[in-house]
>>> print(open('data.cif').read())   # mmCIF, C-alpha atoms; chains and numbers go by the auth columns
data_data
#
loop_
_atom_site.group_PDB
_atom_site.id
_atom_site.type_symbol
_atom_site.label_atom_id
_atom_site.label_comp_id
_atom_site.label_asym_id
_atom_site.label_seq_id
_atom_site.Cartn_x
_atom_site.Cartn_y
_atom_site.Cartn_z
_atom_site.B_iso_or_equiv
_atom_site.auth_seq_id
_atom_site.auth_asym_id
ATOM 1 C CA ALA A 1 6.835 -25.099 -48.236 0.00 1 A
ATOM 2 C CA THR A 2 4.210 -24.892 -50.956 0.00 2 A
ATOM 3 C CA VAL A 3 5.516 -24.319 -54.463 0.00 3 A
ATOM 4 C CA TRP A 4 3.024 -22.507 -56.690 0.00 4 A
ATOM 5 C CA LYS A 5 3.085 -23.586 -60.313 0.00 5 A
ATOM 6 C CA ASP A 6 1.544 -20.435 -61.715 0.00 6 A
ATOM 7 C CA VAL A 7 0.631 -16.924 -60.638 0.00 7 A
ATOM 8 C CA ASP A 8 -3.115 -17.527 -60.958 0.00 8 A
ATOM 9 C CA SER A 9 -3.129 -20.255 -58.311 0.00 9 A
ATOM 10 C CA PHE A 10 -0.914 -18.105 -56.099 0.00 10 A
ATOM 11 C CA ASN A 11 -3.295 -15.169 -56.445 0.00 11 A
ATOM 12 C CA GLN A 12 -6.223 -17.420 -55.556 0.00 12 A
ATOM 13 C CA HIS A 13 -4.395 -18.397 -52.390 0.00 13 A
ATOM 14 C CA LEU A 14 -3.625 -14.763 -51.517 0.00 14 A
ATOM 15 C CA ALA A 15 -7.280 -13.778 -51.934 0.00 15 A
ATOM 16 C CA GLN A 16 -8.081 -15.204 -48.483 0.00 16 A
ATOM 17 C CA TYR A 17 -5.972 -12.508 -46.809 0.00 17 A
ATOM 18 C CA ASP A 18 -7.165 -8.992 -46.000 0.00 18 A
ATOM 19 C CA ALA A 19 -3.880 -7.469 -47.151 0.00 19 A
ATOM 20 C CA ILE A 20 -0.511 -8.533 -48.492 0.00 20 A
ATOM 21 C CA ILE A 21 2.869 -6.801 -48.336 0.00 21 A
ATOM 22 C CA LEU A 22 5.453 -7.409 -51.044 0.00 22 A
ATOM 23 C CA SER A 23 8.850 -7.246 -49.357 0.00 23 A
ATOM 24 C CA ALA A 24 10.986 -9.938 -50.969 0.00 24 A
ATOM 25 C CA GLY A 25 13.700 -7.578 -52.189 0.00 25 A
ATOM 26 C CA ALA A 26 15.450 -8.709 -55.353 0.00 26 A
ATOM 27 C CA GLY A 27 13.311 -11.852 -55.365 0.00 27 A
ATOM 28 C CA MET A 28 10.319 -9.796 -56.453 0.00 28 A
ATOM 29 C CA LEU A 29 11.973 -9.242 -59.827 0.00 29 A
ATOM 30 C CA HIS A 30 13.742 -12.576 -60.062 0.00 30 A
ATOM 31 C CA ASP A 31 10.508 -14.468 -59.369 0.00 31 A
ATOM 32 C CA GLU A 32 8.382 -11.969 -61.299 0.00 32 A
ATOM 33 C CA LEU A 33 6.170 -11.138 -58.331 0.00 33 A
ATOM 34 C CA ILE A 34 5.969 -7.615 -59.716 0.00 34 A
ATOM 35 C CA SER A 35 5.919 -6.473 -63.295 0.00 35 A
ATOM 36 C CA ARG A 36 9.099 -5.068 -64.781 0.00 36 A
ATOM 37 C CA GLU A 37 6.823 -2.919 -66.900 0.00 37 A
ATOM 38 C CA ASP A 38 5.965 -0.886 -63.808 0.00 38 A
ATOM 39 C CA GLU A 39 9.475 0.511 -64.068 0.00 39 A
ATOM 40 C CA LEU A 40 10.067 1.014 -60.372 0.00 40 A
ATOM 41 C CA PRO A 41 13.074 3.317 -59.797 0.00 41 A
ATOM 42 C CA VAL A 42 15.340 0.488 -58.677 0.00 42 A
ATOM 43 C CA GLN A 43 18.351 -1.498 -59.803 0.00 43 A
ATOM 44 C CA LEU A 44 19.774 -4.886 -58.897 0.00 44 A
ATOM 45 C CA VAL A 45 23.174 -4.684 -57.194 0.00 45 A
ATOM 46 C CA ARG A 46 25.364 -7.663 -56.374 0.00 46 A
ATOM 47 C CA GLY A 47 27.061 -7.716 -52.971 0.00 47 A
ATOM 48 C CA GLN A 48 29.872 -10.054 -51.945 0.00 48 A
ATOM 49 C CA SER A 49 31.097 -10.428 -48.368 0.00 49 A
ATOM 50 C CA ILE A 50 34.025 -12.164 -46.701 0.00 50 A
ATOM 51 C CA GLU A 51 33.861 -14.343 -43.590 0.00 51 A
ATOM 52 C CA MET A 52 37.103 -14.449 -41.604 0.00 52 A
ATOM 53 C CA THR A 53 38.435 -16.301 -38.562 0.00 53 A
ATOM 54 C CA LEU A 54 40.662 -14.735 -35.924 0.00 54 A
ATOM 55 C CA PRO A 55 42.602 -17.155 -33.687 0.00 55 A
ATOM 56 C CA ALA A 56 41.859 -16.945 -29.973 0.00 56 A
ATOM 57 C CA SER A 57 45.400 -15.844 -29.178 0.00 57 A
ATOM 58 C CA GLU A 58 44.972 -12.825 -31.444 0.00 58 A
ATOM 59 C CA ASP A 59 41.338 -12.236 -30.458 0.00 59 A
ATOM 60 C CA SER A 60 42.246 -11.683 -26.803 0.00 60 A
ATOM 61 C CA THR A 61 44.651 -8.864 -27.659 0.00 61 A
ATOM 62 C CA ASN A 62 41.907 -6.650 -28.994 0.00 62 A
ATOM 63 C CA ASP A 63 38.568 -6.758 -27.190 0.00 63 A
ATOM 64 C CA ALA A 64 37.087 -4.013 -29.375 0.00 64 A
ATOM 65 C CA ILE A 65 37.547 -6.119 -32.488 0.00 65 A
ATOM 66 C CA ALA A 66 35.997 -9.125 -30.747 0.00 66 A
ATOM 67 C CA ASN A 67 32.872 -7.431 -29.457 0.00 67 A
ATOM 68 C CA GLU A 68 32.014 -4.420 -31.601 0.00 68 A
ATOM 69 C CA ALA A 69 30.583 -3.965 -35.060 0.00 69 A
ATOM 70 C CA PHE A 70 31.590 -1.111 -37.335 0.00 70 A
ATOM 71 C CA LEU A 71 29.629 0.548 -40.110 0.00 71 A
ATOM 72 C CA CYS A 72 31.357 3.209 -42.166 0.00 72 A
ATOM 73 C CA GLY A 73 30.590 2.757 -45.832 0.00 73 A
ATOM 74 C CA LYS A 74 31.499 -0.926 -45.398 0.00 74 A
ATOM 75 C CA TYR A 75 30.945 -3.020 -42.273 0.00 75 A
ATOM 76 C CA VAL A 76 32.865 -5.340 -39.959 0.00 76 A
ATOM 77 C CA THR A 77 30.646 -7.478 -37.750 0.00 77 A
ATOM 78 C CA PRO A 78 31.342 -10.332 -35.279 0.00 78 A
ATOM 79 C CA LEU A 79 29.464 -13.536 -36.067 0.00 79 A
ATOM 80 C CA PRO A 80 27.693 -15.603 -33.368 0.00 80 A
ATOM 81 C CA ASP A 81 29.880 -17.919 -31.307 0.00 81 A
ATOM 82 C CA THR A 82 30.225 -21.499 -32.478 0.00 82 A
ATOM 83 C CA ASN A 83 31.018 -24.625 -30.508 0.00 83 A
ATOM 84 C CA ASP A 84 34.686 -23.980 -31.196 0.00 84 A
ATOM 85 C CA SER A 85 35.556 -21.308 -28.633 0.00 85 A
ATOM 86 C CA SER A 86 39.204 -21.216 -29.680 0.00 86 A
ATOM 87 C CA SER A 87 38.536 -18.631 -32.390 0.00 87 A
ATOM 88 C CA ARG A 88 36.194 -15.845 -33.385 0.00 88 A
ATOM 89 C CA ARG A 89 34.563 -15.282 -36.751 0.00 89 A
ATOM 90 C CA PHE A 90 33.668 -12.046 -38.533 0.00 90 A
ATOM 91 C CA VAL A 91 31.925 -10.913 -41.684 0.00 91 A
ATOM 92 C CA ILE A 92 33.234 -7.997 -43.746 0.00 92 A
ATOM 93 C CA GLY A 93 31.195 -6.514 -46.561 0.00 93 A
ATOM 94 C CA ALA A 94 29.971 -5.766 -48.921 0.00 94 A
ATOM 95 C CA THR A 95 30.838 -4.925 -52.477 0.00 95 A
ATOM 96 C CA HIS A 96 28.497 -2.935 -54.715 0.00 96 A
ATOM 97 C CA GLU A 97 28.648 -4.542 -58.146 0.00 97 A
ATOM 98 C CA PHE A 98 26.561 -3.251 -61.032 0.00 98 A
ATOM 99 C CA LYS A 99 28.145 -5.212 -63.884 0.00 99 A
ATOM 100 C CA ALA A 100 26.899 -8.572 -65.136 0.00 100 A
ATOM 101 C CA ASP A 101 30.214 -10.287 -64.395 0.00 101 A
ATOM 102 C CA ALA A 102 30.977 -10.725 -60.706 0.00 102 A
ATOM 103 C CA LEU A 103 34.271 -9.694 -59.139 0.00 103 A
ATOM 104 C CA ASN A 104 36.594 -12.656 -58.628 0.00 104 A
ATOM 105 C CA PRO A 105 37.705 -13.621 -55.079 0.00 105 A
ATOM 106 C CA ASP A 106 40.988 -11.689 -55.302 0.00 106 A
ATOM 107 C CA GLU A 107 39.174 -8.569 -56.459 0.00 107 A
ATOM 108 C CA VAL A 108 36.607 -8.876 -53.664 0.00 108 A
ATOM 109 C CA THR A 109 39.344 -9.263 -51.058 0.00 109 A
ATOM 110 C CA GLU A 110 41.306 -6.313 -52.441 0.00 110 A
ATOM 111 C CA GLU A 111 38.284 -4.002 -52.494 0.00 111 A
ATOM 112 C CA LEU A 112 36.997 -4.879 -49.032 0.00 112 A
ATOM 113 C CA LYS A 113 40.454 -4.739 -47.470 0.00 113 A
ATOM 114 C CA SER A 114 41.147 -1.320 -48.937 0.00 114 A
ATOM 115 C CA ARG A 115 37.807 -0.013 -47.621 0.00 115 A
ATOM 116 C CA THR A 116 37.968 -1.536 -44.104 0.00 116 A
ATOM 117 C CA LEU A 117 41.669 -1.747 -43.201 0.00 117 A
ATOM 118 C CA SER A 118 41.426 1.360 -41.017 0.00 118 A
ATOM 119 C CA LEU A 119 38.488 -0.195 -39.127 0.00 119 A
ATOM 120 C CA ALA A 120 39.939 -3.665 -38.618 0.00 120 A
ATOM 121 C CA GLN A 121 43.662 -3.776 -39.362 0.00 121 A
ATOM 122 C CA HIS A 122 44.198 -6.305 -36.555 0.00 122 A
ATOM 123 C CA LEU A 123 41.712 -8.661 -38.188 0.00 123 A
ATOM 124 C CA TRP A 124 43.215 -8.308 -41.655 0.00 124 A
ATOM 125 C CA ASP A 125 46.766 -8.770 -40.323 0.00 125 A
ATOM 126 C CA ASN A 126 46.028 -11.878 -38.267 0.00 126 A
ATOM 127 C CA GLY A 127 42.802 -13.411 -39.571 0.00 127 A
ATOM 128 C CA THR A 128 42.201 -15.901 -42.355 0.00 128 A
ATOM 129 C CA VAL A 129 39.521 -15.815 -45.029 0.00 129 A
ATOM 130 C CA ASP A 130 37.111 -18.767 -44.667 0.00 130 A
ATOM 131 C CA ARG A 131 34.630 -18.162 -47.447 0.00 131 A
ATOM 132 C CA MET A 132 32.761 -15.581 -49.483 0.00 132 A
ATOM 133 C CA THR A 133 29.014 -15.117 -49.727 0.00 133 A
ATOM 134 C CA THR A 134 27.017 -13.425 -52.458 0.00 134 A
ATOM 135 C CA GLY A 135 23.619 -11.773 -52.499 0.00 135 A
ATOM 136 C CA VAL A 136 21.659 -9.344 -54.649 0.00 136 A
ATOM 137 C CA ARG A 137 20.130 -6.108 -53.377 0.00 137 A
ATOM 138 C CA LEU A 138 17.124 -4.316 -54.773 0.00 138 A
ATOM 139 C CA GLN A 139 18.442 -0.775 -54.508 0.00 139 A
ATOM 140 C CA SER A 140 16.340 2.323 -55.034 0.00 140 A
ATOM 141 C CA ASN A 141 17.656 5.053 -57.275 0.00 141 A
ATOM 142 C CA ARG A 142 19.161 8.079 -55.594 0.00 142 A
ATOM 143 C CA GLY A 143 16.825 11.057 -55.200 0.00 143 A
ATOM 144 C CA SER A 144 16.806 14.390 -53.418 0.00 144 A
ATOM 145 C CA PHE A 145 16.697 12.560 -50.067 0.00 145 A
ATOM 146 C CA GLY A 146 19.322 9.991 -51.002 0.00 146 A
ATOM 147 C CA ARG A 147 18.292 6.366 -51.425 0.00 147 A
ATOM 148 C CA MET A 148 14.914 5.980 -49.756 0.00 148 A
ATOM 149 C CA PRO A 149 12.690 2.899 -49.449 0.00 149 A
ATOM 150 C CA ILE A 150 9.817 2.161 -51.771 0.00 150 A
ATOM 151 C CA ILE A 151 6.823 1.954 -49.484 0.00 151 A
ATOM 152 C CA GLY A 152 3.050 2.332 -49.708 0.00 152 A
ATOM 153 C CA ARG A 153 0.104 0.910 -51.615 0.00 153 A
ATOM 154 C CA TYR A 154 1.008 -0.937 -54.776 0.00 154 A
ATOM 155 C CA ASN A 155 -0.990 -2.199 -57.712 0.00 155 A
ATOM 156 C CA ASN A 156 0.613 -4.414 -60.301 0.00 156 A
ATOM 157 C CA THR A 157 -0.183 -3.454 -63.862 0.00 157 A
ATOM 158 C CA SER A 158 0.414 -6.923 -65.299 0.00 158 A
ATOM 159 C CA ASN A 159 -1.863 -9.965 -65.242 0.00 159 A
ATOM 160 C CA THR A 160 1.219 -12.162 -64.996 0.00 160 A
ATOM 161 C CA ALA A 161 2.298 -10.787 -61.602 0.00 161 A
ATOM 162 C CA ILE A 162 0.919 -10.811 -58.073 0.00 162 A
ATOM 163 C CA GLY A 163 -2.549 -9.316 -57.859 0.00 163 A
ATOM 164 C CA HIS A 164 -4.554 -8.398 -54.736 0.00 164 A
ATOM 165 C CA ASN A 165 -7.135 -5.722 -54.009 0.00 165 A
ATOM 166 C CA ASN A 166 -5.199 -4.548 -50.936 0.00 166 A
ATOM 167 C CA CYS A 167 -1.554 -4.859 -51.875 0.00 167 A
ATOM 168 C CA TRP A 168 1.326 -2.919 -50.287 0.00 168 A
ATOM 169 C CA ILE A 169 5.044 -2.800 -51.036 0.00 169 A
ATOM 170 C CA PHE A 170 8.136 -2.327 -48.873 0.00 170 A
ATOM 171 C CA THR A 171 11.469 -2.696 -50.632 0.00 171 A
ATOM 172 C CA GLY A 172 14.462 -0.812 -52.009 0.00 172 A
ATOM 173 C CA LEU A 173 16.247 -0.599 -48.644 0.00 173 A
ATOM 174 C CA SER A 174 19.485 -1.919 -50.173 0.00 174 A
ATOM 175 C CA SER A 175 22.404 -2.105 -47.743 0.00 175 A
ATOM 176 C CA ARG A 176 20.779 0.190 -45.175 0.00 176 A
ATOM 177 C CA GLY A 177 17.820 -2.016 -44.324 0.00 177 A
ATOM 178 C CA LEU A 178 19.396 -2.951 -41.003 0.00 178 A
ATOM 179 C CA ILE A 179 19.351 0.701 -39.979 0.00 179 A
ATOM 180 C CA TYR A 180 15.800 1.816 -40.723 0.00 180 A
ATOM 181 C CA HIS A 181 13.721 -1.280 -41.470 0.00 181 A
ATOM 182 C CA GLY A 182 12.033 -1.098 -38.055 0.00 182 A
ATOM 183 C CA LEU A 183 11.119 2.574 -38.358 0.00 183 A
ATOM 184 C CA PHE A 184 9.535 2.332 -41.797 0.00 184 A
ATOM 185 C CA GLY A 185 8.083 -1.077 -40.994 0.00 185 A
ATOM 186 C CA ARG A 186 6.204 0.337 -38.009 0.00 186 A
ATOM 187 C CA TRP A 187 4.745 3.141 -40.128 0.00 187 A
ATOM 188 C CA LEU A 188 3.716 0.685 -42.814 0.00 188 A
ATOM 189 C CA ALA A 189 2.080 -1.741 -40.386 0.00 189 A
ATOM 190 C CA ASP A 190 0.039 1.081 -38.883 0.00 190 A
ATOM 191 C CA SER A 191 -1.067 2.246 -42.334 0.00 191 A
ATOM 192 C CA VAL A 192 -2.111 -1.277 -43.343 0.00 192 A
ATOM 193 C CA LEU A 193 -4.204 -1.616 -40.182 0.00 193 A
ATOM 194 C CA ARG A 194 -5.811 1.782 -40.777 0.00 194 A
ATOM 195 C CA ASP A 195 -6.218 1.018 -44.488 0.00 195 A
ATOM 196 C CA GLU A 196 -4.802 4.380 -45.515 0.00 196 A
ATOM 197 C CA GLU A 197 -1.386 5.944 -46.107 0.00 197 A
ATOM 198 C CA GLY A 198 -1.871 8.921 -43.824 0.00 198 A
ATOM 199 C CA ASN A 199 0.494 7.729 -41.115 0.00 199 A
ATOM 200 C CA ILE A 200 3.347 7.227 -43.551 0.00 200 A
ATOM 201 C CA ARG A 201 2.658 10.613 -45.117 0.00 201 A
ATOM 202 C CA ASP A 202 2.626 12.311 -41.702 0.00 202 A
ATOM 203 C CA GLN A 203 6.061 10.889 -40.888 0.00 203 A
ATOM 204 C CA PHE A 204 7.589 11.285 -44.354 0.00 204 A
ATOM 205 C CA PRO A 205 5.563 13.510 -46.700 0.00 205 A
ATOM 206 C CA GLU A 206 7.645 12.510 -49.726 0.00 206 A
ATOM 207 C CA PHE A 207 7.215 8.764 -49.138 0.00 207 A
ATOM 208 C CA ASP A 208 5.596 8.259 -52.558 0.00 208 A
ATOM 209 C CA TRP A 209 8.562 9.711 -54.442 0.00 209 A
ATOM 210 C CA TRP A 210 8.804 6.441 -56.378 0.00 210 A
ATOM 211 C CA ARG A 211 5.390 6.661 -57.994 0.00 211 A
ATOM 212 C CA LYS A 212 5.050 7.903 -61.516 0.00 212 A
ATOM 213 C CA LYS A 213 3.519 11.338 -61.470 0.00 213 A
ATOM 214 C CA PRO A 214 0.829 12.005 -64.107 0.00 214 A
ATOM 215 C CA LYS A 215 2.013 14.215 -66.895 0.00 215 A
ATOM 216 C CA GLN A 216 0.637 17.727 -66.704 0.00 216 A
ATOM 217 C CA LYS A 217 -1.381 18.878 -69.668 0.00 217 A
ATOM 218 C CA THR A 218 0.084 21.747 -71.598 0.00 218 A
#
>>> encode(input="data.cif", output="structure tokens")
Amino acid sequence: ATVWKDVDSFNQHLAQYDAIILSAGAGMLHDELISREDELPVQLVRGQSIEMTLPASEDSTNDAIANEAFLCGKYVTPLPDTNDSSSRRFVIGATHEFKADALNPDEVTEELKSRTLSLAQHLWDNGTVDRMTTGVRLQSNRGSFGRMPIIGRYNNTSNTAIGHNNCWIFTGLSSRGLIYHGLFGRWLADSVLRDEEGNIRDQFPEFDWWRKKPKQKT
């Protein structure tokens, strides 16, 4: 992969494309692809998950646990089969951490167990924790419609960030991206092809909730 040494050379590379879509999640702030001065209504939220193994002897006693995923605040999801067919693996997540210091492994286990025991007691009683994974979400602030994606045309206001004359943004999905990424993604793709936001507006009139509204003169 090409590593760009500065934003100017990256912008020169992007100029060959008719349109670009910024959708790197938390990486857009970490890598300064967008300007923090734009003050998008978002926050960075750490999420830690647990991967667990359930022995085959225990797996066979509960087919629902082995084959179904659950989403109810937290989630319990089977992982793809590995070469070792004697056991099954699952991922349970994820925490929502707003503080600078991360929860320690015991705290992560305690929180996730308390939130998912009713969904997967068999797994917690008989499984073993293999490892923990950590990621960072770019989460939109809560509004009148809950937490909605940030989607539409986007123009950076800083010369030190990504610049393009036909730039779009799609982010802020947080932990619900798996649910509605396809729906909003289809609307966005159609709008990019049409070079206007009408399709998004037709489907969700308040889609531009995240944009700063000009102050009314008094």
>>> atom_distance(input="data.cif", atom1="atom CA of Arg142 of chain A", atom2="atom CA of Ala161 of chain A")
26.0 Å
>>> closest_residue(input="data.cif", among="A:Leu117, A:Met132, A:Ala189, A:Met52", to="Ile151 of chain A", atoms="only C-alpha atoms")
A:Ala189
>>> residues_around(input="data.cif", residues="Ile92 of chain A", least_positions_apart="3", cutoff="7 Å", atoms="all atoms listed in the file", output="number ranges by chain")
A: 49-51, 75-77
>>> residues_around(input="data.cif", residues="Ala24 of chain A", least_positions_apart="5", cutoff="12 Å", atoms="only C-alpha atoms", output="PyMOL selection string")
chain A and resi 29-34+136-138+168-174
>>> resolve_selection(input="data.cif", expression="the PyMOL selection byres ((chain A and resi 97-102) around 7)", output="list in words")
Val45, Arg46, Gly47, Thr95, His96, Leu103 and Asn104 of chain A
>>> write_last_selection(input="data.cif", atoms="C-alpha atoms", output="tab-separated table (two decimals), keeping the file's coordinate frame")
chain	number	residue	atom	x	y	z
A	45	VAL	CA	23.17	-4.68	-57.19
A	46	ARG	CA	25.36	-7.66	-56.37
A	47	GLY	CA	27.06	-7.72	-52.97
A	95	THR	CA	30.84	-4.92	-52.48
A	96	HIS	CA	28.50	-2.94	-54.72
A	103	LEU	CA	34.27	-9.69	-59.14
A	104	ASN	CA	36.59	-12.66	-58.63
>>> resolve_selection(input="data.cif", expression="the PyMOL selection byres ((chain A and resi 8-14) around 9)", output="PDB file with C-alpha atoms, in the coordinates of the input")
ATOM      1  CA  TRP A   4       3.024 -22.507 -56.690  1.00  0.00           C
ATOM      2  CA  LYS A   5       3.085 -23.586 -60.313  1.00  0.00           C
ATOM      3  CA  ASP A   6       1.544 -20.435 -61.715  1.00  0.00           C
ATOM      4  CA  VAL A   7       0.631 -16.924 -60.638  1.00  0.00           C
ATOM      5  CA  ALA A  15      -7.280 -13.778 -51.934  1.00  0.00           C
ATOM      6  CA  GLN A  16      -8.081 -15.204 -48.483  1.00  0.00           C
ATOM      7  CA  TYR A  17      -5.972 -12.508 -46.809  1.00  0.00           C
ATOM      8  CA  ASP A  18      -7.165  -8.992 -46.000  1.00  0.00           C
ATOM      9  CA  ALA A  19      -3.880  -7.469 -47.151  1.00  0.00           C
ATOM     10  CA  ILE A  20      -0.511  -8.533 -48.492  1.00  0.00           C
ATOM     11  CA  ASN A 159      -1.863  -9.965 -65.242  1.00  0.00           C
ATOM     12  CA  THR A 160       1.219 -12.162 -64.996  1.00  0.00           C
ATOM     13  CA  ALA A 161       2.298 -10.787 -61.602  1.00  0.00           C
ATOM     14  CA  ILE A 162       0.919 -10.811 -58.073  1.00  0.00           C
ATOM     15  CA  GLY A 163      -2.549  -9.316 -57.859  1.00  0.00           C
ATOM     16  CA  HIS A 164      -4.554  -8.398 -54.736  1.00  0.00           C
TER      17      HIS A 164
END
>>> closest_residue(input="data.cif", among="A:Gln139, A:Asn126, A:Met28, A:Thr133", to="Pro105 of chain A", atoms="all atoms listed in the file")
A:Thr133
>>> atom_distance(input="data.cif", atom1="atom CA of Pro55 of chain A", atom2="atom CA of Arg88 of chain A")
6.5 Å
>>> resolve_selection(input="data.cif", expression="the PyMOL selection byres ((chain A and resi 184) around 12)", output="MDAnalysis selection string")
chainID A and resid 148:152 169:173 176:183 185:191 199:201 203:204 207
>>> atom_distance(input="data.cif", atom1="atom CA of Val91 of chain A", atom2="atom CA of Leu79 of chain A")
6.7 Å
>>> closest_residue(input="data.cif", among="A:Thr53, A:Arg115, A:Ser87, A:Gly135", to="Gly73 of chain A", atoms="only C-alpha atoms")
A:Arg115
